[in-house]
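Here's the structure, in structure tokens; my notes come after.
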Amino acid sequence: MPLFARPRRALAVSVFGTALVLTGCGSSQSGSEGAGDGTHTLGFVNGADTEFHTCLQKSIEQVAKKDDAKLYTANSHQNPGTELSNIEDMISRNVDALIVQTVNVDSLKGDIAKAKAAGIPIFLTSVMTSDTSDILGAVVVDLTKVGALDAGWVATDAGGKSVQVGVIAGAPGAASDLLVGGFTKALPSNAKVVANQPGMFNAAKAQDVAENMIQAHPDLQYAFVANEEMALAARKAFDAAGAKDVKIVTANGTPEGLAAIKDGRLSATVANSAMTIGQMAVTNVVGLLDKKKVSKIDHAPILLVTKDNLDKAPQYCP
């Protein structure tokens, strides 16, 4: 049997309906199919509820509709167990391919094995597994480079002076680990990381972390924050503590983030358009299913954005 040949017998899987948030593209009815005949039936399992994830799903839905593909969606809400349940449900729906924005790439091995056994290929967004032989493909963001670009801005701005840097990470695993690792490893020796705590991709949590961080390290000069939503919350905390001079670097390139770059609340961000990633994901999945000449592993563009090049930032959300 070929790698992703579909078994003829019906699939029987356990579906934990109460854990799922499942909808069909183009309809408000849970579990319904999208409009059109649907040349392909696709599934999308989203990983969380941040602005990135919301915009990514909008983009995937729009392109799937344009390509006349039926689409089912579900959200794992940062829970690996829910992600597995969502994937099992997509298997039961007999989708042609499954796009996954994973909660944690390290927990994907078993999920991929289940989908492979059912003959359903998995396509990843943002990150990919170390062994790509069992996936259909991926559109990845070089998250290590995203962190390194922010570190490069800090290095240039510090100009060789000894400086203190704080890190507000996201949720442990996958994207956050790559972002933070890229940032900390690329910092120059004169920049010392004095605090590194998770904000869990949650603005309220990030604000609490920033408050504690500035109390413990009143001489903090820079902060790397794993996304703009948390970065703006950290800005409020620093300002309230009288630390308006702390310079914040972050990632995403949302309209809110770019506005904060323009008015000086944030110093730099690395734009990685959720809209572009979604567009590339659906286009590449359909191309790979149709045996067209499409790169198995594709890379989404990224750009360090400051006040000097705001006009170059890509559109973030559909």
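Here, A, B, ... name the chains of the structure tokens in the order displayed, residue numbers run from 1 inside each chain, and ligands are numbered from 1 in the same displayed order.
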
Give me, as a ChimeraX atom specification, the residues of segment 77-260 of chain A that a backbone DSSP run labels alpha helix (DSSP H).
/A:80-92,108-117,143-158,174-186,203-216,228-240,255-260

Give me a file of those residues, with C-alpha atoms, as a short mmCIF file (atom, residue, chain, number, x, y, z; two decimals), in the first residue's frame.
```
data_model
loop_
_atom_site.label_atom_id
_atom_site.label_comp_id
_atom_site.auth_asym_id
_atom_site.auth_seq_id
_atom_site.Cartn_x
_atom_site.Cartn_y
_atom_site.Cartn_z
CA PRO A 80 -2.14 18.16 22.98
CA GLY A 81 -4.84 15.73 24.11
CA THR A 82 -7.52 17.77 22.39
CA GLU A 83 -5.34 17.92 19.29
CA LEU A 84 -5.25 14.13 19.12
CA SER A 85 -9.04 13.97 19.54
CA ASN A 86 -9.46 16.52 16.77
CA ILE A 87 -7.20 14.54 14.46
CA GLU A 88 -9.11 11.34 15.24
CA ASP A 89 -12.33 13.14 14.33
CA MET A 90 -10.86 14.33 11.03
CA ILE A 91 -9.80 10.76 10.27
CA SER A 92 -13.38 9.61 10.85
CA LEU A 108 2.79 14.93 17.04
CA LYS A 109 4.47 11.58 16.47
CA GLY A 110 1.52 9.51 17.61
CA ASP A 111 -0.97 11.77 15.84
CA ILE A 112 0.89 11.43 12.54
CA ALA A 113 1.09 7.66 12.97
CA LYS A 114 -2.69 7.42 13.40
CA ALA A 115 -3.35 9.54 10.34
CA LYS A 116 -0.80 7.61 8.30
CA ALA A 117 -2.40 4.29 9.26
CA LEU A 143 11.15 30.77 13.99
CA THR A 144 14.77 30.47 15.04
CA LYS A 145 15.60 33.19 12.52
CA VAL A 146 12.66 35.29 13.74
CA GLY A 147 14.22 35.30 17.21
CA ALA A 148 17.68 35.93 15.77
CA LEU A 149 16.46 38.98 13.80
CA ASP A 150 15.10 40.51 16.99
CA ALA A 151 18.37 39.72 18.76
CA GLY A 152 20.25 41.43 15.94
CA TRP A 153 18.22 44.58 16.47
CA VAL A 154 19.04 44.52 20.20
CA ALA A 155 22.74 44.00 19.42
CA THR A 156 22.82 46.95 17.04
CA ASP A 157 20.87 49.22 19.36
CA ALA A 158 22.98 48.32 22.41
CA ALA A 174 6.87 24.16 19.48
CA ALA A 175 6.83 27.78 18.33
CA SER A 176 7.80 29.48 21.58
CA ASP A 177 10.84 27.30 22.19
CA LEU A 178 12.16 27.96 18.70
CA LEU A 179 11.56 31.71 18.95
CA VAL A 180 13.21 32.06 22.34
CA GLY A 181 16.09 29.76 21.42
CA GLY A 182 16.79 31.74 18.28
CA PHE A 183 16.75 34.99 20.21
CA THR A 184 18.91 34.00 23.15
CA LYS A 185 21.52 32.19 21.06
CA ALA A 186 21.94 35.16 18.71
CA ALA A 203 -1.99 39.12 27.47
CA ALA A 204 -3.06 39.11 31.13
CA LYS A 205 -0.45 36.50 32.02
CA ALA A 206 2.24 38.40 30.11
CA GLN A 207 1.36 41.60 31.96
CA ASP A 208 1.78 39.81 35.29
CA VAL A 209 5.11 38.39 34.16
CA ALA A 210 6.31 41.83 33.05
CA GLU A 211 5.28 43.39 36.37
CA ASN A 212 7.27 40.79 38.30
CA MET A 213 10.19 41.06 35.90
CA ILE A 214 10.63 44.82 36.23
CA GLN A 215 10.31 44.62 40.02
CA ALA A 216 13.07 42.00 40.18
CA GLU A 228 2.65 41.34 19.88
CA GLU A 229 -0.46 40.79 21.97
CA MET A 230 1.74 39.91 24.95
CA ALA A 231 4.22 42.64 24.02
CA LEU A 232 1.59 45.35 24.23
CA ALA A 233 0.48 44.03 27.63
CA ALA A 234 4.10 44.04 28.78
CA ARG A 235 4.40 47.63 27.59
CA LYS A 236 1.54 48.63 29.90
CA ALA A 237 3.22 46.89 32.83
CA PHE A 238 6.61 48.48 32.21
CA ASP A 239 5.09 51.94 31.76
CA ALA A 240 3.04 51.61 34.95
CA PRO A 255 -1.97 46.01 12.48
CA GLU A 256 -1.87 46.67 16.23
CA GLY A 257 1.80 45.74 16.37
CA LEU A 258 2.71 47.96 13.43
CA ALA A 259 0.81 50.87 14.99
CA ALA A 260 2.84 50.36 18.16
#
```

Secondary structure check, strand (DSSP E or B) residues of segment 247-308 of chain A, as JSON, numbers by chain
{"A": [247, 248, 249, 250, 251, 252, 268, 269, 270, 271, 297, 298, 299, 303, 304, 305]}

Leaving out Lys293 of chain A and any residue of its chain fewer than 4 positions from it, which residues lie within 10 Å of it when counting only C-alpha atoms, given as a PDB file with N, CA and C atoms, in the first residue's frame?
```pdb
ATOM      1  N   ASN A 284      -0.484  24.651  -1.527  1.00  0.00           N
ATOM      2  CA  ASN A 284       0.499  23.569  -1.588  1.00  0.00           C
ATOM      3  C   ASN A 284      -0.129  22.206  -1.333  1.00  0.00           C
ATOM      4  N   GLY A 287      -1.933  21.252  -4.453  1.00  0.00           N
ATOM      5  CA  GLY A 287      -0.938  20.924  -5.479  1.00  0.00           C
ATOM      6  C   GLY A 287      -0.290  19.573  -5.250  1.00  0.00           C
ATOM      7  N   LEU A 288       0.045  19.277  -3.997  1.00  0.00           N
ATOM      8  CA  LEU A 288       0.667  17.988  -3.688  1.00  0.00           C
ATOM      9  C   LEU A 288      -0.306  16.833  -3.898  1.00  0.00           C
TER      10      LEU A 288
END
```

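Comparing the minimum interatomic distances between Lys58 of chain A and each of A:Ala274, A:Ala223, A:Ile297, A:Ile248, counting only C-alpha atoms, we find that A:Ala274 sits nearest.
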
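Look at Lys262 of chain A: the protein and nucleic acid residues within 8 Å of it, using only C-alpha atoms and passing over chain neighbours fewer than 5 places away, are Thr306, Lys307 and Leu310 of chain A.
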
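Computed from the coordinates, the atom CA of Ala138 of chain A to atom CA of Gly170 of chain A distance equals 21.9 Å.
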
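Picture a line from atom CA of Ala169 of chain A to atom CA of Leu187 of chain A; it runs 15.7 Å.
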
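Proximity ranking of A:Asp131, A:Asp106, A:Asp142, A:Glu51 relative to His299 of chain A places A:Asp142 first, based on only C-alpha atoms.
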
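Considering the residues A:Lys192, A:Lys292, A:Arg265, A:Lys244 and counting only C-alpha atoms, Val167 of chain A has its shortest atom-to-atom contact with A:Lys192.
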
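Here atom CA of Lys247 of chain A and atom CA of Tyr222 of chain A stand 4.7 Å from one another.
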